[in-house]
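S.K.: Quick one: structure below, then a few questions.
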Amino acid sequence: LAARLLGGRAAWQRVRDDARAGASAAASLRRDPAALAALLTAALAVGLAALSTWMLEPWAWDAVGYHLPIVHDALQTGTLREVPTSVIYVNCYPRLIDVFFIAWRLSLETDAWIELGQLPFGIGAVVAIATLAARAGVPAPRAVAFASLWLAVPTVMLELATNYVDVAVGALTLMAFTLATGPLRHGAPLVAGLAAGLLLGSKPSAPPIAGLVMAVLAVRAIASRALPGGALGIALGLGVGVWKYLENIVRWGNPIWPAHARIGPITLPGKVFMGELASSGLREPYRSMGWARRILASWTLWPEAWVYDMRIGGFGPLFTFGLLPLVVVVLAAAVRSPGVRDRLRPVALPAALLTAAALASPGAFWARYTCAVPGAWLAVSMAAALGSPRWARRLGEGLFVGLALLGIAVCWRGFTTGGPSLLEIAAMPQEARATAYALDDQEADWQAARGRLRPGEAFGYDWSYGLPGRLWNPDGRSRVVFLRTPAPPLDALLAWSSRERVRLMALGEGPTGDADLARAHPEHFRELFRSHYPEWQPCAVFERISPMR
């Protein structure tokens, strides 16, 4: 808008034209019940995610372990730095999505809506899917309406309520491939390169995907005689997204540390292999399956439980019973008919490239790692419907909306897996909601402890505690600090707590923690409660009662 305002009267005319076109598109949906139903289905999915965010304390493991600590530390210190912590992932993963979460939190008064930070990326994904479909001739209003069904895919809907990054990565993947395969006029190569760079800087699994986007951009720039723009776009993308990988090379000798990295015949050491990470939490028979069988099982079998980070399953009935068989039929038709190939070419190539890139991972069977795939296939389905008889198109649209609604119906309890439903929590008194579903059954104890902190005082933790994100107060009135010295003597513990104004501290049990030291000196520390979650990382919470000097 700012750029157009700088353009003067012609820009104002373009803004007015856009506004009229938007109003006309919205009005046309009143005459298109299927498209309107698709939008309402997406709105229901987003509404449930928003309800979960509003009522529940952050409880997703990775969010509390290392995404939210980056956000809170930036707000606490006013800078994006290496966060003092024992959680290794905080300082070795790319952070561009976390930077966005910081901006999101800065726009909020409290943490009440912080876990809805991926929603803007979800909207961007809908625009990218609709753009792909529009290239094949799908009218823009219908393209947006049916593209919005991506928000109702179970793993997308459930993760929208967490500060994870997979919805954002999926959205950036869709945007990057859409831009790189579109018309390369004016500044389009720069924008495509920027999208690839944002994708590159979003997650350690992103380099192969971003690399393919940049390769496609380079090939198309050469073919379109737009090599300077393409080269500049790729350089811009690398400049935006490569820094954390270079930092890891300098520090660890491995761009994606702590995972082992293989570059051709070279293996760079890490703490764990990617295949081991991908197999964590898997049960039989899936654990004994190969990569391809796991993907087939994940795409076709009904999961045992619905949750945002399920290992097998997660795309739901829209994908399994709608998109998957449709794409198989479309591929068969394209092989036989040149006309079908021509009609689908504008959307099929980007979708095929995206699918291949998303599957180039040992963990591709995890739905949240490949959530861009259903989005690309939605665009294919819309393009395929253009050549169908009207009755078949209407039947297919109704079926897709119905399958999306079925997906919401079967997975919405996944916001509180194993606990009371969102509607049951909403019926509770206000004071009971915050502890109705959380990381463990001691959330009330943690809240009571955080309530003891005065403005400027800190909640400290030692090396054995790995969930620092649950130590911050939602209103930001207190700080969180890390005890850098492992197993310090009493004098050092007291000096640290005085220097940092640490009133509360989460200290680990056993030989690697400091709970026994604090427990042995009741004249300085009062034990508030013991936390047994997670069971392999128990801790105790203490309050300093001796004066801070």
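Chain labels run A, B, ... following the order of the structure tokens; each chain numbers its residues from 1, and ligands are numbered from 1 in the order shown.
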Taking the backbone alone, and naming residues the way the document does, which bits of range 59-201 of chain A are alpha helix (DSSP H) by DSSP, as an MDAnalysis selection string?
M.R.: chainID A and resid 61:62 68:77 96:106 119:135 140:147 154:159 166:180 188:200
S.K.: Contacts of Arg345 in chain A at 10 Å or less, counting only C-alpha atoms, minus same-chain residues fewer than 3 places along, as a count of residues only?
M.R.: 13
S.K.: Neighbouring residues of Arg413 in chain A were defined as those with any atom within 12 Å, considering only C-alpha atoms; residues of the same chain fewer than 5 positions away were excluded. Please report them as a short mmCIF file (atom, residue, chain, number, x, y, z; two decimals) with N, CA, C and O atoms, in the first residue's frame.
M.R.:
data_model
loop_
_atom_site.label_atom_id
_atom_site.label_comp_id
_atom_site.auth_asym_id
_atom_site.auth_seq_id
_atom_site.Cartn_x
_atom_site.Cartn_y
_atom_site.Cartn_z
N LEU A 48 -11.71 -22.87 16.13
CA LEU A 48 -11.35 -23.85 17.16
C LEU A 48 -9.90 -23.67 17.61
O LEU A 48 -9.59 -23.77 18.81
N ALA A 49 -9.01 -23.40 16.67
CA ALA A 49 -7.62 -23.14 17.04
C ALA A 49 -7.51 -21.90 17.90
O ALA A 49 -6.75 -21.87 18.89
N SER A 52 -8.74 -22.69 21.42
CA SER A 52 -7.72 -23.43 22.15
C SER A 52 -6.63 -22.49 22.66
O SER A 52 -6.19 -22.57 23.81
N PRO A 154 -6.37 -31.68 9.42
CA PRO A 154 -6.20 -31.83 10.87
C PRO A 154 -4.86 -31.38 11.42
O PRO A 154 -4.79 -30.64 12.40
N MET A 157 -4.74 -27.57 11.32
CA MET A 157 -5.65 -26.97 12.29
C MET A 157 -5.13 -27.11 13.71
O MET A 157 -5.13 -26.15 14.49
N LEU A 158 -4.66 -28.31 14.07
CA LEU A 158 -4.21 -28.54 15.43
C LEU A 158 -2.93 -27.77 15.75
O LEU A 158 -2.75 -27.27 16.85
N ALA A 305 -4.63 -41.68 17.52
CA ALA A 305 -5.07 -40.48 18.23
C ALA A 305 -4.69 -39.27 17.39
O ALA A 305 -3.73 -39.31 16.62
N TRP A 306 -5.46 -38.20 17.53
CA TRP A 306 -5.20 -36.98 16.78
C TRP A 306 -4.47 -35.98 17.67
O TRP A 306 -4.93 -35.66 18.77
N VAL A 307 -3.34 -35.49 17.19
CA VAL A 307 -2.59 -34.47 17.91
C VAL A 307 -1.71 -33.76 16.88
O VAL A 307 -1.48 -34.28 15.79
N TYR A 308 -1.25 -32.57 17.22
CA TYR A 308 -0.55 -31.75 16.23
C TYR A 308 0.74 -32.39 15.72
O TYR A 308 1.18 -32.11 14.61
N GLY A 407 -13.11 -34.24 8.86
CA GLY A 407 -11.79 -34.14 9.47
C GLY A 407 -11.80 -33.32 10.74
O GLY A 407 -11.18 -33.68 11.75
N ILE A 408 -12.52 -32.20 10.70
CA ILE A 408 -12.63 -31.37 11.91
C ILE A 408 -13.36 -32.14 13.01
O ILE A 408 -12.96 -32.12 14.19
N GLY A 418 -6.69 -36.60 25.32
CA GLY A 418 -6.79 -37.31 26.58
C GLY A 418 -7.37 -36.49 27.72
O GLY A 418 -7.50 -37.00 28.84
N GLY A 419 -7.73 -35.25 27.46
CA GLY A 419 -8.28 -34.39 28.52
C GLY A 419 -9.68 -33.93 28.19
O GLY A 419 -10.31 -34.40 27.23
N PRO A 420 -10.22 -32.99 28.95
CA PRO A 420 -11.55 -32.45 28.65
C PRO A 420 -11.53 -31.71 27.32
O PRO A 420 -10.50 -31.18 26.90
N SER A 421 -12.67 -31.69 26.66
CA SER A 421 -12.74 -31.02 25.36
C SER A 421 -12.73 -29.50 25.55
O SER A 421 -12.94 -28.98 26.66
N LEU A 422 -12.50 -28.79 24.44
CA LEU A 422 -12.53 -27.33 24.50
C LEU A 422 -13.88 -26.82 24.98
O LEU A 422 -13.95 -25.84 25.74
N LEU A 423 -14.96 -27.46 24.55
CA LEU A 423 -16.29 -27.00 24.96
C LEU A 423 -16.51 -27.24 26.45
O LEU A 423 -17.13 -26.43 27.14
N GLU A 424 -16.00 -28.35 26.96
CA GLU A 424 -16.11 -28.62 28.40
C GLU A 424 -15.29 -27.60 29.19
O GLU A 424 -15.74 -27.13 30.24
N ILE A 425 -14.12 -27.26 28.69
CA ILE A 425 -13.29 -26.26 29.38
C ILE A 425 -13.97 -24.89 29.33
O ILE A 425 -13.95 -24.13 30.30
#
S.K.: Report the distance between CA of Val242 in chain A and CA of Gly466 in chain A in Å, rounded to one decimal place.
M.R.: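 It comes out at 27.3 Å.
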S.K.: Enumerate, as a VMD selection string, the complete set of residues in range 155-374 of chain A that a backbone-based DSSP assignment places in strand (DSSP E or B).
M.R.: chain A and resid 259 261 to 263 266 to 268 272
S.K.: Include all heavy atoms and write out the residues we just selected as an mmCIF file, in the first residue's frame.
M.R.:
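The file below, selection_26.cif, is the result:
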data_model
loop_
_atom_site.group_PDB
_atom_site.id
_atom_site.type_symbol
_atom_site.label_atom_id
_atom_site.label_comp_id
_atom_site.auth_asym_id
_atom_site.auth_seq_id
_atom_site.Cartn_x
_atom_site.Cartn_y
_atom_site.Cartn_z
ATOM 1 N N ALA A 259 22.160 -32.616 14.529
ATOM 2 C CA ALA A 259 21.951 -33.829 13.736
ATOM 3 C C ALA A 259 23.185 -34.091 12.869
ATOM 4 O O ALA A 259 23.855 -33.154 12.426
ATOM 5 C CB ALA A 259 20.723 -33.678 12.846
ATOM 6 N N ALA A 261 25.101 -34.638 9.582
ATOM 7 C CA ALA A 261 24.844 -34.134 8.235
ATOM 8 C C ALA A 261 25.676 -34.909 7.228
ATOM 9 O O ALA A 261 26.868 -35.147 7.457
ATOM 10 C CB ALA A 261 25.172 -32.644 8.155
ATOM 11 N N ARG A 262 25.042 -35.318 6.148
ATOM 12 C CA ARG A 262 25.747 -36.021 5.079
ATOM 13 C C ARG A 262 25.725 -35.167 3.823
ATOM 14 O O ARG A 262 24.668 -34.813 3.320
ATOM 15 C CB ARG A 262 25.094 -37.372 4.805
ATOM 16 C CG ARG A 262 25.299 -38.382 5.929
ATOM 17 C CD ARG A 262 24.608 -39.691 5.620
ATOM 18 N NE ARG A 262 24.828 -40.684 6.675
ATOM 19 C CZ ARG A 262 24.216 -41.865 6.727
ATOM 20 N NH1 ARG A 262 23.350 -42.187 5.781
ATOM 21 N NH2 ARG A 262 24.464 -42.705 7.707
ATOM 22 N N ILE A 263 26.919 -34.827 3.319
ATOM 23 C CA ILE A 263 27.059 -34.062 2.086
ATOM 24 C C ILE A 263 27.880 -34.922 1.136
ATOM 25 O O ILE A 263 29.112 -34.952 1.202
ATOM 26 C CB ILE A 263 27.734 -32.709 2.337
ATOM 27 C CG1 ILE A 263 26.975 -31.918 3.408
ATOM 28 C CG2 ILE A 263 27.820 -31.905 1.049
ATOM 29 C CD1 ILE A 263 27.633 -30.616 3.801
ATOM 30 N N ILE A 266 30.731 -37.182 2.524
ATOM 31 C CA ILE A 266 31.199 -36.590 3.782
ATOM 32 C C ILE A 266 30.089 -36.646 4.824
ATOM 33 O O ILE A 266 28.945 -36.271 4.556
ATOM 34 C CB ILE A 266 31.641 -35.132 3.560
ATOM 35 C CG1 ILE A 266 32.739 -35.062 2.496
ATOM 36 C CG2 ILE A 266 32.127 -34.518 4.871
ATOM 37 C CD1 ILE A 266 33.109 -33.654 2.106
ATOM 38 N N THR A 267 30.431 -37.109 6.019
ATOM 39 C CA THR A 267 29.503 -37.103 7.150
ATOM 40 C C THR A 267 30.031 -36.164 8.218
ATOM 41 O O THR A 267 31.147 -36.341 8.714
ATOM 42 C CB THR A 267 29.327 -38.512 7.739
ATOM 43 O OG1 THR A 267 28.778 -39.374 6.736
ATOM 44 C CG2 THR A 267 28.380 -38.478 8.937
ATOM 45 N N LEU A 268 29.263 -35.156 8.536
ATOM 46 C CA LEU A 268 29.642 -34.203 9.576
ATOM 47 C C LEU A 268 29.020 -34.641 10.891
ATOM 48 O O LEU A 268 27.821 -34.920 10.951
ATOM 49 C CB LEU A 268 29.175 -32.795 9.200
ATOM 50 C CG LEU A 268 29.710 -32.268 7.859
ATOM 51 C CD1 LEU A 268 29.144 -30.901 7.572
ATOM 52 C CD2 LEU A 268 31.229 -32.225 7.874
ATOM 53 N N VAL A 272 22.968 -36.938 16.913
ATOM 54 C CA VAL A 272 21.996 -37.973 16.565
ATOM 55 C C VAL A 272 21.784 -37.963 15.053
ATOM 56 O O VAL A 272 21.952 -36.923 14.400
ATOM 57 C CB VAL A 272 20.658 -37.718 17.302
ATOM 58 C CG1 VAL A 272 20.022 -36.419 16.833
ATOM 59 C CG2 VAL A 272 19.696 -38.880 17.126
#
S.K.: Pick out the residues sitting within 7 Å of range 509-522 of chain A, and hand them over as a VMD selection string; count only C-alpha atoms, and ignore anything fewer than 5 positions along from it in its own chain.
M.R.: chain A and resid 462 to 464 487 538 to 540
S.K.: Restricting the calculation to only C-alpha atoms: of A:Leu282, A:Val144, A:Ala34, A:Leu493, which residue gets closest to Gly396 in chain A?
M.R.: A:Ala34
S.K.: Under the rule that only C-alpha atoms are counted, which of A:Val90, A:Val410, A:Val169, A:Val153 is the nearest residue to Thr41 in chain A?
M.R.: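 Using only C-alpha atoms, the shortest distance to Thr41 in chain A belongs to A:Val153.
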S.K.: So which residues touch Trp59 in chain A within 12 Å, counting only C-alpha atoms, skipping near sequence neighbours fewer than 6 positions away, as a PyMOL selection string?
M.R.: chain A and resi 52-53+65+67-68+115+159+161-164+308+415-417+434-441+443+467-470
S.K.: Those residues you just picked out, can you put them in a file as a PDB file, in the first residue's frame with N, CA and C atoms?
M.R.:
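Done, and the output landed in result-v8.pdb:
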ATOM      1  N   SER A  52      -8.737 -22.691  21.418  1.00  0.00           N
ATOM      2  CA  SER A  52      -7.715 -23.427  22.154  1.00  0.00           C
ATOM      3  C   SER A  52      -6.629 -22.486  22.655  1.00  0.00           C
ATOM      4  N   THR A  53      -6.190 -21.580  21.796  1.00  0.00           N
ATOM      5  CA  THR A  53      -5.143 -20.629  22.182  1.00  0.00           C
ATOM      6  C   THR A  53      -5.597 -19.745  23.329  1.00  0.00           C
ATOM      7  N   GLY A  65       9.773 -25.727  25.133  1.00  0.00           N
ATOM      8  CA  GLY A  65      11.175 -26.063  25.276  1.00  0.00           C
ATOM      9  C   GLY A  65      12.105 -25.074  24.605  1.00  0.00           C
ATOM     10  N   HIS A  67      10.972 -22.681  21.387  1.00  0.00           N
ATOM     11  CA  HIS A  67      10.492 -21.560  20.574  1.00  0.00           C
ATOM     12  C   HIS A  67      10.095 -20.367  21.458  1.00  0.00           C
ATOM     13  N   LEU A  68       9.277 -20.606  22.460  1.00  0.00           N
ATOM     14  CA  LEU A  68       8.874 -19.512  23.344  1.00  0.00           C
ATOM     15  C   LEU A  68      10.033 -18.920  24.143  1.00  0.00           C
ATOM     16  N   GLU A 115       0.141 -18.145  21.008  1.00  0.00           N
ATOM     17  CA  GLU A 115       0.277 -19.406  20.278  1.00  0.00           C
ATOM     18  C   GLU A 115      -0.541 -19.451  18.984  1.00  0.00           C
ATOM     19  N   GLU A 159      -2.025 -27.672  14.746  1.00  0.00           N
ATOM     20  CA  GLU A 159      -0.775 -26.958  15.031  1.00  0.00           C
ATOM     21  C   GLU A 159      -0.933 -25.446  14.970  1.00  0.00           C
ATOM     22  N   ALA A 161      -2.599 -23.817  16.791  1.00  0.00           N
ATOM     23  CA  ALA A 161      -2.731 -23.378  18.182  1.00  0.00           C
ATOM     24  C   ALA A 161      -1.445 -23.572  18.970  1.00  0.00           C
ATOM     25  N   THR A 162      -0.304 -23.727  18.306  1.00  0.00           N
ATOM     26  CA  THR A 162       0.965 -23.892  19.002  1.00  0.00           C
ATOM     27  C   THR A 162       2.039 -23.030  18.356  1.00  0.00           C
ATOM     28  N   ASN A 163       3.037 -22.655  19.148  1.00  0.00           N
ATOM     29  CA  ASN A 163       4.193 -21.952  18.600  1.00  0.00           C
ATOM     30  C   ASN A 163       5.221 -22.948  18.089  1.00  0.00           C
ATOM     31  N   TYR A 164       4.774 -23.855  17.211  1.00  0.00           N
ATOM     32  CA  TYR A 164       5.689 -24.657  16.414  1.00  0.00           C
ATOM     33  C   TYR A 164       5.941 -23.882  15.115  1.00  0.00           C
ATOM     34  N   TYR A 308      -1.255 -32.567  17.215  1.00  0.00           N
ATOM     35  CA  TYR A 308      -0.551 -31.751  16.233  1.00  0.00           C
ATOM     36  C   TYR A 308       0.738 -32.388  15.722  1.00  0.00           C
ATOM     37  N   PHE A 415      -6.961 -31.010  20.306  1.00  0.00           N
ATOM     38  CA  PHE A 415      -6.443 -29.822  20.995  1.00  0.00           C
ATOM     39  C   PHE A 415      -6.159 -30.119  22.465  1.00  0.00           C
ATOM     40  N   THR A 416      -6.877 -31.094  23.015  1.00  0.00           N
ATOM     41  CA  THR A 416      -6.682 -31.490  24.421  1.00  0.00           C
ATOM     42  C   THR A 416      -6.674 -33.013  24.494  1.00  0.00           C
ATOM     43  N   THR A 417      -5.723 -33.635  23.824  1.00  0.00           N
ATOM     44  CA  THR A 417      -5.682 -35.090  23.719  1.00  0.00           C
ATOM     45  C   THR A 417      -5.701 -35.747  25.096  1.00  0.00           C
ATOM     46  N   ALA A 434      -7.542 -22.269  33.195  1.00  0.00           N
ATOM     47  CA  ALA A 434      -6.105 -22.241  32.931  1.00  0.00           C
ATOM     48  C   ALA A 434      -5.407 -23.516  33.364  1.00  0.00           C
ATOM     49  N   THR A 435      -5.982 -24.235  34.314  1.00  0.00           N
ATOM     50  CA  THR A 435      -5.354 -25.470  34.791  1.00  0.00           C
ATOM     51  C   THR A 435      -6.102 -26.718  34.340  1.00  0.00           C
ATOM     52  N   ALA A 436      -7.110 -26.539  33.488  1.00  0.00           N
ATOM     53  CA  ALA A 436      -7.913 -27.693  33.066  1.00  0.00           C
ATOM     54  C   ALA A 436      -7.130 -28.624  32.160  1.00  0.00           C
ATOM     55  N   TYR A 437      -6.204 -28.069  31.383  1.00  0.00           N
ATOM     56  CA  TYR A 437      -5.391 -28.901  30.496  1.00  0.00           C
ATOM     57  C   TYR A 437      -4.057 -28.196  30.291  1.00  0.00           C
ATOM     58  N   ALA A 438      -2.969 -28.880  30.599  1.00  0.00           N
ATOM     59  CA  ALA A 438      -1.647 -28.267  30.506  1.00  0.00           C
ATOM     60  C   ALA A 438      -0.608 -29.360  30.323  1.00  0.00           C
ATOM     61  N   LEU A 439       0.655 -28.982  30.441  1.00  0.00           N
ATOM     62  CA  LEU A 439       1.733 -29.951  30.291  1.00  0.00           C
ATOM     63  C   LEU A 439       1.603 -31.099  31.281  1.00  0.00           C
ATOM     64  N   ASP A 440       1.204 -30.800  32.504  1.00  0.00           N
ATOM     65  CA  ASP A 440       1.053 -31.832  33.526  1.00  0.00           C
ATOM     66  C   ASP A 440      -0.061 -31.406  34.470  1.00  0.00           C
ATOM     67  N   ASP A 441      -0.287 -32.229  35.504  1.00  0.00           N
ATOM     68  CA  ASP A 441      -1.376 -31.921  36.434  1.00  0.00           C
ATOM     69  C   ASP A 441      -0.935 -31.000  37.560  1.00  0.00           C
ATOM     70  N   GLU A 443      -0.028 -27.713  36.915  1.00  0.00           N
ATOM     71  CA  GLU A 443      -0.043 -26.360  36.389  1.00  0.00           C
ATOM     72  C   GLU A 443      -0.462 -25.346  37.453  1.00  0.00           C
ATOM     73  N   LEU A 467      12.486 -27.179  30.174  1.00  0.00           N
ATOM     74  CA  LEU A 467      11.267 -26.548  29.658  1.00  0.00           C
ATOM     75  C   LEU A 467      11.164 -25.106  30.160  1.00  0.00           C
ATOM     76  N   PRO A 468      12.140 -24.272  29.837  1.00  0.00           N
ATOM     77  CA  PRO A 468      12.149 -22.913  30.399  1.00  0.00           C
ATOM     78  C   PRO A 468      10.980 -22.056  29.968  1.00  0.00           C
ATOM     79  N   GLY A 469      10.290 -22.437  28.883  1.00  0.00           N
ATOM     80  CA  GLY A 469       9.180 -21.615  28.421  1.00  0.00           C
ATOM     81  C   GLY A 469       8.023 -21.520  29.393  1.00  0.00           C
ATOM     82  N   ARG A 470       7.930 -22.454  30.349  1.00  0.00           N
ATOM     83  CA  ARG A 470       6.813 -22.385  31.294  1.00  0.00           C
ATOM     84  C   ARG A 470       7.150 -21.558  32.525  1.00  0.00           C
TER      85      ARG A 470
END
S.K.: Write out as a ChimeraX atom specification which residues come within 10 Å of Arg105 in chain A when counting only C-alpha atoms, dropping same-chain ones fewer than 5 positions away.
M.R.: /A:71-72,75,99-100,110-117
S.K.: Quick one: residues within 9 Å of Leu301 in chain A, only C-alpha atoms, excluding same-chain residues fewer than 4 positions away - as a ChimeraX atom specification?
M.R.: /A:296-297,312-313,320
S.K.: Store the residues of this selection in a file with N, CA and C atoms, as a JSON list (two decimals), in the first residue's frame.
M.R.:
[["chain", "number", "residue", "atom", "x", "y", "z"],
["A", 296, "LEU", "N", 3.18, -44.43, 2.96],
["A", 296, "LEU", "CA", 1.91, -45.01, 2.52],
["A", 296, "LEU", "C", 0.97, -45.21, 3.71],
["A", 297, "ALA", "N", 1.52, -45.71, 4.83],
["A", 297, "ALA", "CA", 0.69, -45.90, 6.02],
["A", 297, "ALA", "C", 0.19, -44.56, 6.56],
["A", 312, "ILE", "N", 2.30, -41.02, 12.73],
["A", 312, "ILE", "CA", 1.68, -41.68, 11.58],
["A", 312, "ILE", "C", 0.27, -41.12, 11.42],
["A", 313, "GLY", "N", -0.06, -40.60, 10.26],
["A", 313, "GLY", "CA", -1.38, -40.02, 10.02],
["A", 313, "GLY", "C", -1.37, -38.53, 10.33],
["A", 320, "THR", "N", -6.97, -38.33, 2.50],
["A", 320, "THR", "CA", -6.96, -39.78, 2.27],
["A", 320, "THR", "C", -8.05, -40.22, 1.31]]
S.K.: Could you tell me how far CA of Ala384 in chain A sits from CA of Arg336 in chain A, in Å to one decimal place?
M.R.: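 For CA of Arg336 in chain A relative to CA of Ala384 in chain A, the distance reads 14.4 Å.
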